[in-house]
Amino acid sequence: MSDLMTRVLHRRSAARSPRERTWKHLSPLLRLLILTQLAFNVGFYAVLPFLATHLGTAIGMAGWMVGFVLGLRTFSQQGLFVVGGWLVDRHGVRPLVLAGCVLRIAGFAWLGYAEATWSVIGAVLLIGFAAALFSPAVESEVARQAVIWEEEGHGSRTRVLALLSAAGQAGAFVGPLLGALLLAVDFRTVCLAGAGVFVLVLAGHMRLMPQHVPGRVRIRERGGMRVLLRNRRFLSLCCAYGTYLLAYNQLYLALPDEVQRATGSQAALSWLFALSSLLVVCAQLPMTRWASDRLDLRRSMATGLLIIAAGFAVVATARPAGWTGTWALLPAAGYVVLLTLGQMLVVPAARAWVPDLAEEGRLGLYTGALSSVSGLIVLIGSSATGSLLDLGLPPAVPWLVLAALPALAVALLPHRPESAEGGTEGIPVR
(Lines give C-alpha, C1' and ligand atoms only; values in the text may rest on other atoms or scores of the structure.)
Protein backbone atom coordinates (compact mmCIF):
# COMPACT_ATOMS: atom_id res chain seq x y z
CA MET A 1 0.00 0.00 0.00
CA SER A 2 2.83 2.31 0.87
CA ASP A 3 4.54 1.60 -2.46
CA LEU A 4 1.29 2.22 -4.31
CA MET A 5 0.81 5.56 -2.54
CA THR A 6 4.41 6.53 -3.34
CA ARG A 7 3.88 5.79 -7.04
CA VAL A 8 0.63 7.79 -7.11
CA LEU A 9 2.29 10.79 -5.44
CA HIS A 10 5.22 10.51 -7.81
CA ARG A 11 2.90 10.55 -10.84
CA ARG A 12 1.03 13.54 -9.48
CA SER A 13 4.30 15.34 -8.87
CA ALA A 14 5.47 14.53 -12.39
CA ALA A 15 2.19 15.80 -13.82
CA ARG A 16 2.56 19.08 -12.00
CA SER A 17 6.26 19.53 -12.65
CA PRO A 18 6.20 20.92 -16.23
CA ARG A 19 4.29 23.97 -15.02
CA GLU A 20 5.53 24.38 -11.50
CA ARG A 21 9.21 23.54 -11.92
CA THR A 22 9.87 25.86 -14.87
CA TRP A 23 9.70 29.11 -12.93
CA LYS A 24 11.06 27.54 -9.74
CA HIS A 25 14.27 26.36 -11.41
CA LEU A 26 14.97 29.52 -13.41
CA SER A 27 18.07 31.48 -12.50
CA PRO A 28 17.63 35.02 -11.08
CA LEU A 29 18.86 36.40 -14.41
CA LEU A 30 16.23 34.48 -16.40
CA ARG A 31 13.52 35.65 -14.04
CA LEU A 32 14.65 39.26 -14.46
CA LEU A 33 14.70 38.97 -18.25
CA ILE A 34 11.25 37.36 -18.41
CA LEU A 35 9.76 40.02 -16.14
CA THR A 36 11.48 42.61 -18.33
CA GLN A 37 9.58 41.24 -21.33
CA LEU A 38 6.36 41.62 -19.36
CA ALA A 39 7.10 45.28 -18.53
CA PHE A 40 8.24 46.08 -22.09
CA ASN A 41 4.92 44.94 -23.49
CA VAL A 42 2.79 46.76 -20.93
CA GLY A 43 4.35 50.04 -22.04
CA PHE A 44 4.38 49.21 -25.74
CA TYR A 45 0.86 47.83 -26.09
CA ALA A 46 -0.63 50.68 -24.13
CA VAL A 47 0.10 52.75 -27.25
CA LEU A 48 0.38 50.60 -30.40
CA PRO A 49 -3.21 49.27 -30.76
CA PHE A 50 -4.53 52.83 -30.96
CA LEU A 51 -1.88 54.23 -33.30
CA ALA A 52 -3.62 53.38 -36.59
CA THR A 53 -6.84 55.12 -35.56
CA HIS A 54 -4.90 58.15 -34.31
CA LEU A 55 -3.01 58.42 -37.60
CA GLY A 56 -6.15 58.05 -39.70
CA THR A 57 -8.50 60.30 -37.72
CA ALA A 58 -6.54 62.83 -35.69
CA ILE A 59 -3.79 63.32 -38.28
CA GLY A 60 -5.79 62.40 -41.41
CA MET A 61 -3.39 60.01 -43.13
CA ALA A 62 -4.56 57.92 -46.09
CA GLY A 63 -4.91 54.17 -45.65
CA TRP A 64 -1.75 53.38 -47.61
CA MET A 65 0.24 55.88 -45.52
CA VAL A 66 -1.09 54.40 -42.27
CA GLY A 67 -0.02 50.96 -43.47
CA PHE A 68 3.37 52.35 -44.48
CA VAL A 69 3.94 54.02 -41.09
CA LEU A 70 2.97 50.84 -39.24
CA GLY A 71 5.25 48.83 -41.48
CA LEU A 72 8.01 51.39 -41.00
CA ARG A 73 7.65 51.06 -37.24
CA THR A 74 8.00 47.31 -37.52
CA PHE A 75 10.93 47.56 -39.93
CA SER A 76 12.79 50.12 -37.80
CA GLN A 77 12.38 47.65 -34.94
CA GLN A 78 12.58 44.22 -36.52
CA GLY A 79 14.70 45.37 -39.46
CA LEU A 80 17.41 46.81 -37.23
CA PHE A 81 17.44 43.90 -34.79
CA VAL A 82 20.51 42.63 -36.64
CA VAL A 83 22.35 45.79 -35.60
CA GLY A 84 21.22 45.36 -32.01
CA GLY A 85 22.18 41.68 -32.05
CA TRP A 86 25.65 42.50 -33.39
CA LEU A 87 26.09 45.12 -30.67
CA VAL A 88 24.98 42.64 -27.99
CA ASP A 89 27.64 40.16 -29.11
CA ARG A 90 30.27 42.91 -28.83
CA HIS A 91 29.17 44.87 -25.75
CA GLY A 92 26.92 42.64 -23.66
CA VAL A 93 23.32 42.75 -22.49
CA ARG A 94 23.17 45.57 -19.94
CA PRO A 95 24.30 48.54 -22.10
CA LEU A 96 21.86 47.66 -24.87
CA VAL A 97 18.89 47.30 -22.53
CA LEU A 98 19.58 50.62 -20.82
CA ALA A 99 20.15 52.52 -24.08
CA GLY A 100 17.00 51.06 -25.60
CA CYS A 101 14.90 52.14 -22.63
CA VAL A 102 16.19 55.72 -22.88
CA LEU A 103 15.34 55.88 -26.60
CA ARG A 104 11.88 54.33 -26.08
CA ILE A 105 11.08 56.96 -23.42
CA ALA A 106 12.11 59.73 -25.83
CA GLY A 107 10.18 58.17 -28.73
CA PHE A 108 6.90 57.82 -26.86
CA ALA A 109 7.14 61.36 -25.53
CA TRP A 110 7.82 62.65 -29.06
CA LEU A 111 4.91 60.66 -30.54
CA GLY A 112 2.54 62.16 -27.98
CA TYR A 113 3.28 65.65 -29.32
CA ALA A 114 3.80 64.79 -33.02
CA GLU A 115 1.24 66.20 -35.43
CA ALA A 116 2.97 66.51 -38.81
CA THR A 117 3.62 63.40 -40.87
CA TRP A 118 7.40 63.83 -40.77
CA SER A 119 7.28 64.20 -36.98
CA VAL A 120 5.20 61.05 -36.57
CA ILE A 121 7.63 59.12 -38.78
CA GLY A 122 10.59 60.37 -36.72
CA ALA A 123 8.96 59.31 -33.46
CA VAL A 124 7.98 55.93 -34.87
CA LEU A 125 11.51 55.30 -36.11
CA LEU A 126 12.94 56.14 -32.69
CA ILE A 127 10.43 53.87 -30.94
CA GLY A 128 11.34 51.02 -33.28
CA PHE A 129 15.10 51.50 -33.01
CA ALA A 130 14.83 51.45 -29.21
CA ALA A 131 13.41 47.94 -29.36
CA ALA A 132 16.09 46.99 -31.89
CA LEU A 133 18.58 47.60 -29.09
CA PHE A 134 16.95 46.01 -26.05
CA SER A 135 14.92 43.15 -27.56
CA PRO A 136 17.83 41.20 -29.17
CA ALA A 137 19.70 41.54 -25.89
CA VAL A 138 16.84 40.04 -23.89
CA GLU A 139 15.82 37.40 -26.43
CA SER A 140 19.31 36.12 -27.24
CA GLU A 141 20.28 35.87 -23.58
CA VAL A 142 17.05 34.04 -22.73
CA ALA A 143 17.74 31.62 -25.61
CA ARG A 144 21.32 31.06 -24.40
CA GLN A 145 20.18 30.52 -20.82
CA ALA A 146 17.40 28.20 -22.06
CA VAL A 147 19.99 25.93 -23.68
CA ILE A 148 21.91 25.81 -20.39
CA TRP A 149 18.63 25.07 -18.57
CA GLU A 150 17.95 22.21 -20.99
CA GLU A 151 21.46 20.79 -20.64
CA GLU A 152 21.11 20.80 -16.86
CA GLY A 153 18.18 18.40 -17.24
CA HIS A 154 15.26 20.69 -16.36
CA GLY A 155 13.37 20.01 -19.60
CA SER A 156 13.05 21.29 -23.16
CA ARG A 157 14.38 24.76 -23.91
CA THR A 158 11.05 25.57 -25.57
CA ARG A 159 9.43 25.71 -22.11
CA VAL A 160 11.63 28.63 -21.10
CA LEU A 161 10.98 30.37 -24.41
CA ALA A 162 7.27 29.70 -24.03
CA LEU A 163 7.41 31.34 -20.61
CA LEU A 164 9.02 34.37 -22.26
CA SER A 165 6.15 34.47 -24.77
CA ALA A 166 3.55 34.11 -22.03
CA ALA A 167 5.11 36.96 -20.04
CA GLY A 168 5.15 39.13 -23.15
CA GLN A 169 1.51 38.39 -23.81
CA ALA A 170 0.58 39.11 -20.21
CA GLY A 171 2.03 42.56 -20.85
CA ALA A 172 0.15 42.73 -24.13
CA PHE A 173 -3.04 41.91 -22.20
CA VAL A 174 -2.58 44.66 -19.61
CA GLY A 175 -1.21 47.25 -22.03
CA PRO A 176 -4.29 47.77 -24.25
CA LEU A 177 -6.56 47.92 -21.21
CA LEU A 178 -4.35 50.62 -19.72
CA GLY A 179 -4.29 52.42 -23.05
CA ALA A 180 -8.07 52.24 -23.50
CA LEU A 181 -8.54 53.68 -20.03
CA LEU A 182 -6.17 56.58 -20.66
CA LEU A 183 -7.51 57.18 -24.17
CA ALA A 184 -10.54 58.72 -22.48
CA VAL A 185 -8.20 61.64 -21.77
CA ASP A 186 -6.30 61.75 -25.07
CA PHE A 187 -3.69 59.95 -27.15
CA ARG A 188 -0.91 62.11 -25.71
CA THR A 189 -1.67 60.84 -22.21
CA VAL A 190 -1.46 57.27 -23.49
CA CYS A 191 1.99 57.94 -24.96
CA LEU A 192 3.29 59.59 -21.80
CA ALA A 193 2.02 56.67 -19.71
CA GLY A 194 3.89 54.27 -22.01
CA ALA A 195 7.02 56.35 -21.54
CA GLY A 196 6.50 56.21 -17.77
CA VAL A 197 6.53 52.40 -17.82
CA PHE A 198 9.93 52.45 -19.50
CA VAL A 199 11.24 54.91 -16.93
CA LEU A 200 10.46 52.26 -14.30
CA VAL A 201 12.11 49.53 -16.39
CA LEU A 202 15.21 51.69 -16.82
CA ALA A 203 15.48 52.31 -13.08
CA GLY A 204 15.02 48.61 -12.30
CA HIS A 205 17.72 47.47 -14.71
CA MET A 206 20.22 50.06 -13.58
CA ARG A 207 19.94 48.46 -10.15
CA LEU A 208 19.49 44.73 -10.90
CA MET A 209 21.14 43.89 -14.23
CA PRO A 210 24.73 42.60 -13.78
CA GLN A 211 27.52 44.44 -15.57
CA HIS A 212 28.64 41.20 -17.23
CA VAL A 213 26.57 38.03 -17.62
CA PRO A 214 28.58 34.97 -16.54
CA GLY A 215 29.46 32.66 -19.42
CA ARG A 216 28.69 35.17 -22.15
CA VAL A 217 31.72 35.75 -24.38
CA ARG A 218 31.97 39.05 -26.23
CA ILE A 219 32.99 38.61 -29.86
CA ARG A 220 35.33 41.19 -31.38
CA GLU A 221 36.09 39.54 -34.72
CA ARG A 222 34.32 40.63 -37.89
CA GLY A 223 32.94 38.49 -40.68
CA GLY A 224 29.88 37.02 -38.97
CA MET A 225 27.47 38.61 -41.43
CA ARG A 226 29.13 36.96 -44.44
CA VAL A 227 28.73 33.53 -42.87
CA LEU A 228 25.13 34.30 -41.93
CA LEU A 229 24.21 35.31 -45.49
CA ARG A 230 25.51 31.98 -46.76
CA ASN A 231 23.44 30.02 -44.24
CA ARG A 232 20.51 29.01 -46.45
CA ARG A 233 18.72 27.00 -43.79
CA PHE A 234 18.74 29.95 -41.41
CA LEU A 235 17.55 32.36 -44.10
CA SER A 236 14.73 29.97 -44.99
CA LEU A 237 13.66 29.99 -41.35
CA CYS A 238 13.78 33.81 -41.38
CA CYS A 239 11.49 34.01 -44.41
CA ALA A 240 8.93 31.63 -42.93
CA TYR A 241 8.99 33.48 -39.63
CA GLY A 242 8.61 36.79 -41.48
CA THR A 243 5.42 35.54 -43.08
CA TYR A 244 4.08 34.76 -39.62
CA LEU A 245 5.02 38.26 -38.44
CA LEU A 246 3.24 39.83 -41.41
CA ALA A 247 0.13 37.85 -40.47
CA TYR A 248 0.46 38.98 -36.85
CA ASN A 249 0.82 42.61 -37.99
CA GLN A 250 -2.71 42.42 -39.38
CA LEU A 251 -3.94 42.76 -35.79
CA TYR A 252 -3.05 46.44 -36.23
CA LEU A 253 -4.12 46.94 -39.83
CA ALA A 254 -6.73 44.51 -41.19
CA LEU A 255 -8.40 43.74 -37.87
CA PRO A 256 -9.18 47.39 -36.96
CA ASP A 257 -10.66 47.81 -40.44
CA GLU A 258 -12.89 44.76 -39.95
CA VAL A 259 -14.00 45.81 -36.46
CA GLN A 260 -14.83 49.31 -37.74
CA ARG A 261 -16.85 47.85 -40.61
CA ALA A 262 -18.76 45.43 -38.40
CA THR A 263 -19.69 47.72 -35.51
CA GLY A 264 -19.09 51.28 -36.70
CA SER A 265 -16.39 51.87 -34.06
CA GLN A 266 -13.22 50.32 -32.69
CA ALA A 267 -14.42 49.98 -29.12
CA ALA A 268 -14.24 46.18 -29.34
CA LEU A 269 -10.62 46.22 -30.48
CA SER A 270 -9.20 46.31 -26.96
CA TRP A 271 -11.26 43.26 -26.01
CA LEU A 272 -10.00 41.30 -28.99
CA PHE A 273 -6.41 42.17 -28.10
CA ALA A 274 -7.15 41.14 -24.53
CA LEU A 275 -8.60 37.83 -25.79
CA SER A 276 -5.40 37.11 -27.72
CA SER A 277 -3.16 37.92 -24.79
CA LEU A 278 -5.26 35.99 -22.30
CA LEU A 279 -5.11 32.89 -24.51
CA VAL A 280 -1.32 33.02 -24.56
CA VAL A 281 -1.06 33.63 -20.82
CA CYS A 282 -3.34 30.69 -20.04
CA ALA A 283 -2.46 28.22 -22.80
CA GLN A 284 1.12 28.90 -23.93
CA LEU A 285 2.87 26.53 -21.51
CA PRO A 286 0.39 23.62 -21.96
CA MET A 287 0.51 24.12 -25.74
CA THR A 288 4.31 24.10 -25.76
CA ARG A 289 4.43 21.00 -23.56
CA TRP A 290 1.98 19.24 -25.88
CA ALA A 291 3.94 20.24 -28.98
CA SER A 292 7.35 19.31 -27.53
CA ASP A 293 6.03 15.81 -26.76
CA ARG A 294 4.62 15.23 -30.25
CA LEU A 295 6.19 17.54 -32.82
CA ASP A 296 9.70 18.51 -33.81
CA LEU A 297 10.41 22.20 -34.37
CA ARG A 298 9.65 22.11 -38.10
CA ARG A 299 6.29 20.37 -37.67
CA SER A 300 5.40 22.74 -34.85
CA MET A 301 6.04 25.78 -37.05
CA ALA A 302 4.23 24.23 -40.03
CA THR A 303 1.16 23.43 -37.93
CA GLY A 304 1.13 26.93 -36.51
CA LEU A 305 1.35 28.57 -39.94
CA LEU A 306 -1.56 26.47 -41.25
CA ILE A 307 -3.68 27.39 -38.22
CA ILE A 308 -2.94 31.08 -38.88
CA ALA A 309 -4.01 30.63 -42.51
CA ALA A 310 -7.28 29.13 -41.28
CA GLY A 311 -7.89 32.24 -39.17
CA PHE A 312 -7.79 34.50 -42.21
CA ALA A 313 -9.97 32.04 -44.11
CA VAL A 314 -12.67 32.31 -41.42
CA VAL A 315 -13.06 36.06 -42.06
CA ALA A 316 -12.82 35.57 -45.84
CA THR A 317 -15.70 33.11 -45.70
CA ALA A 318 -17.91 35.44 -43.65
CA ARG A 319 -17.13 38.78 -45.35
CA PRO A 320 -19.38 38.40 -48.43
CA ALA A 321 -22.43 38.18 -46.12
CA GLY A 322 -21.77 41.74 -44.94
CA TRP A 323 -22.99 41.12 -41.39
CA THR A 324 -22.97 44.06 -39.00
CA GLY A 325 -23.50 44.48 -35.28
CA THR A 326 -22.09 42.67 -32.29
CA TRP A 327 -22.57 39.19 -33.76
CA ALA A 328 -20.59 40.27 -36.82
CA LEU A 329 -17.50 40.29 -34.61
CA LEU A 330 -17.52 36.49 -34.35
CA PRO A 331 -15.43 35.93 -37.52
CA ALA A 332 -12.91 38.53 -36.29
CA ALA A 333 -12.81 36.78 -32.91
CA GLY A 334 -12.27 33.45 -34.69
CA TYR A 335 -9.38 34.99 -36.60
CA VAL A 336 -7.83 36.29 -33.37
CA VAL A 337 -8.16 32.91 -31.65
CA LEU A 338 -6.66 30.95 -34.55
CA LEU A 339 -3.88 33.48 -35.10
CA THR A 340 -3.00 33.24 -31.41
CA LEU A 341 -3.02 29.44 -31.39
CA GLY A 342 -0.72 29.46 -34.41
CA GLN A 343 1.51 32.01 -32.75
CA MET A 344 1.88 29.80 -29.67
CA LEU A 345 3.35 27.08 -31.89
CA VAL A 346 5.44 29.23 -34.23
CA VAL A 347 7.23 31.64 -31.89
CA PRO A 348 8.81 29.29 -29.30
CA ALA A 349 9.77 26.83 -32.04
CA ALA A 350 11.47 29.51 -34.16
CA ARG A 351 13.38 30.94 -31.20
CA ALA A 352 14.43 27.46 -30.08
CA TRP A 353 15.63 26.63 -33.59
CA VAL A 354 18.00 29.61 -33.91
CA PRO A 355 20.70 28.29 -31.50
CA ASP A 356 21.02 25.16 -33.65
CA LEU A 357 21.71 27.27 -36.74
CA ALA A 358 23.80 30.08 -35.24
CA GLU A 359 27.55 30.42 -35.66
CA GLU A 360 29.46 29.95 -32.43
CA GLY A 361 29.47 33.08 -30.28
CA ARG A 362 27.07 35.00 -32.52
CA LEU A 363 23.67 34.13 -31.14
CA GLY A 364 22.84 37.82 -30.73
CA LEU A 365 23.55 38.47 -34.41
CA TYR A 366 21.43 35.52 -35.54
CA THR A 367 18.60 36.37 -33.14
CA GLY A 368 18.63 39.91 -34.52
CA ALA A 369 18.78 38.72 -38.12
CA LEU A 370 15.71 36.55 -37.59
CA SER A 371 13.75 39.68 -36.78
CA SER A 372 15.46 41.88 -39.39
CA VAL A 373 14.50 39.69 -42.33
CA SER A 374 11.01 39.46 -40.86
CA GLY A 375 10.84 43.24 -40.54
CA LEU A 376 11.71 43.70 -44.20
CA ILE A 377 8.92 41.32 -45.18
CA VAL A 378 6.47 43.23 -42.94
CA LEU A 379 7.54 46.61 -44.38
CA ILE A 380 6.81 45.46 -47.92
CA GLY A 381 3.76 43.43 -46.98
CA SER A 382 2.11 46.07 -44.79
CA SER A 383 2.17 48.70 -47.53
CA ALA A 384 0.73 46.16 -49.97
CA THR A 385 -1.94 45.12 -47.47
CA GLY A 386 -2.91 48.73 -46.76
CA SER A 387 -3.39 49.28 -50.50
CA LEU A 388 -5.24 45.98 -50.85
CA LEU A 389 -7.77 47.05 -48.22
CA ASP A 390 -8.33 50.38 -50.00
CA LEU A 391 -8.79 49.06 -53.55
CA GLY A 392 -12.49 48.24 -53.26
CA LEU A 393 -11.97 44.59 -54.19
CA PRO A 394 -14.61 41.94 -53.40
CA PRO A 395 -14.67 41.75 -49.59
CA ALA A 396 -13.23 38.24 -49.31
CA VAL A 397 -10.23 38.83 -51.57
CA PRO A 398 -7.85 40.64 -49.16
CA TRP A 399 -8.46 38.02 -46.49
CA LEU A 400 -7.98 35.14 -48.95
CA VAL A 401 -4.64 36.64 -50.01
CA LEU A 402 -3.63 36.92 -46.36
CA ALA A 403 -4.69 33.29 -45.80
CA ALA A 404 -2.55 32.08 -48.70
CA LEU A 405 0.69 33.63 -47.43
CA PRO A 406 1.26 31.59 -44.23
CA ALA A 407 0.04 28.44 -45.98
CA LEU A 408 2.65 28.89 -48.71
CA ALA A 409 5.31 29.72 -46.12
CA VAL A 410 5.25 26.12 -44.88
CA ALA A 411 7.26 25.18 -47.98
CA LEU A 412 10.00 27.62 -46.92
CA LEU A 413 10.75 25.84 -43.65
CA PRO A 414 14.14 24.08 -43.70
CA HIS A 415 14.28 20.38 -42.98
CA ARG A 416 16.02 19.64 -39.69
CA PRO A 417 18.62 16.89 -39.75
CA GLU A 418 18.06 14.33 -37.00
CA SER A 419 21.36 15.27 -35.36
CA ALA A 420 20.02 18.75 -34.66
CA GLU A 421 16.84 17.60 -32.94
CA GLY A 422 17.02 19.06 -29.48
CA GLY A 423 20.70 19.84 -30.05
CA THR A 424 22.72 22.89 -29.19
CA GLU A 425 25.27 23.07 -31.97
CA GLY A 426 26.51 26.53 -32.80
CA ILE A 427 26.10 28.11 -29.36
CA PRO A 428 28.61 28.28 -26.54
CA VAL A 429 26.87 27.51 -23.26
CA ARG A 430 29.75 27.72 -20.86
# chains A, B, ... in the order shown; residues from 1 in each chain; ligands from 1
>>> residues_around(residues="Gly196 in chain A", least_positions_apart="6", cutoff="10 Å", atoms="only C-alpha atoms", output="PyMOL selection string")
chain A and resi 43+105+108-109+190+202
>>> closest_residue(among="A:Ala267, A:Val124, A:Ala318, A:Cys101", to="His205 in chain A", atoms="only C-alpha atoms")
A:Cys101
>>> atom_distance(atom1="CA of Arg94 in chain A", atom2="CA of Glu359 in chain A")
22.3 Å
>>> closest_residue(among="A:Leu33, A:Leu376, A:Ala58, A:Val401", to="Val160 in chain A", atoms="only C-alpha atoms")
A:Leu33
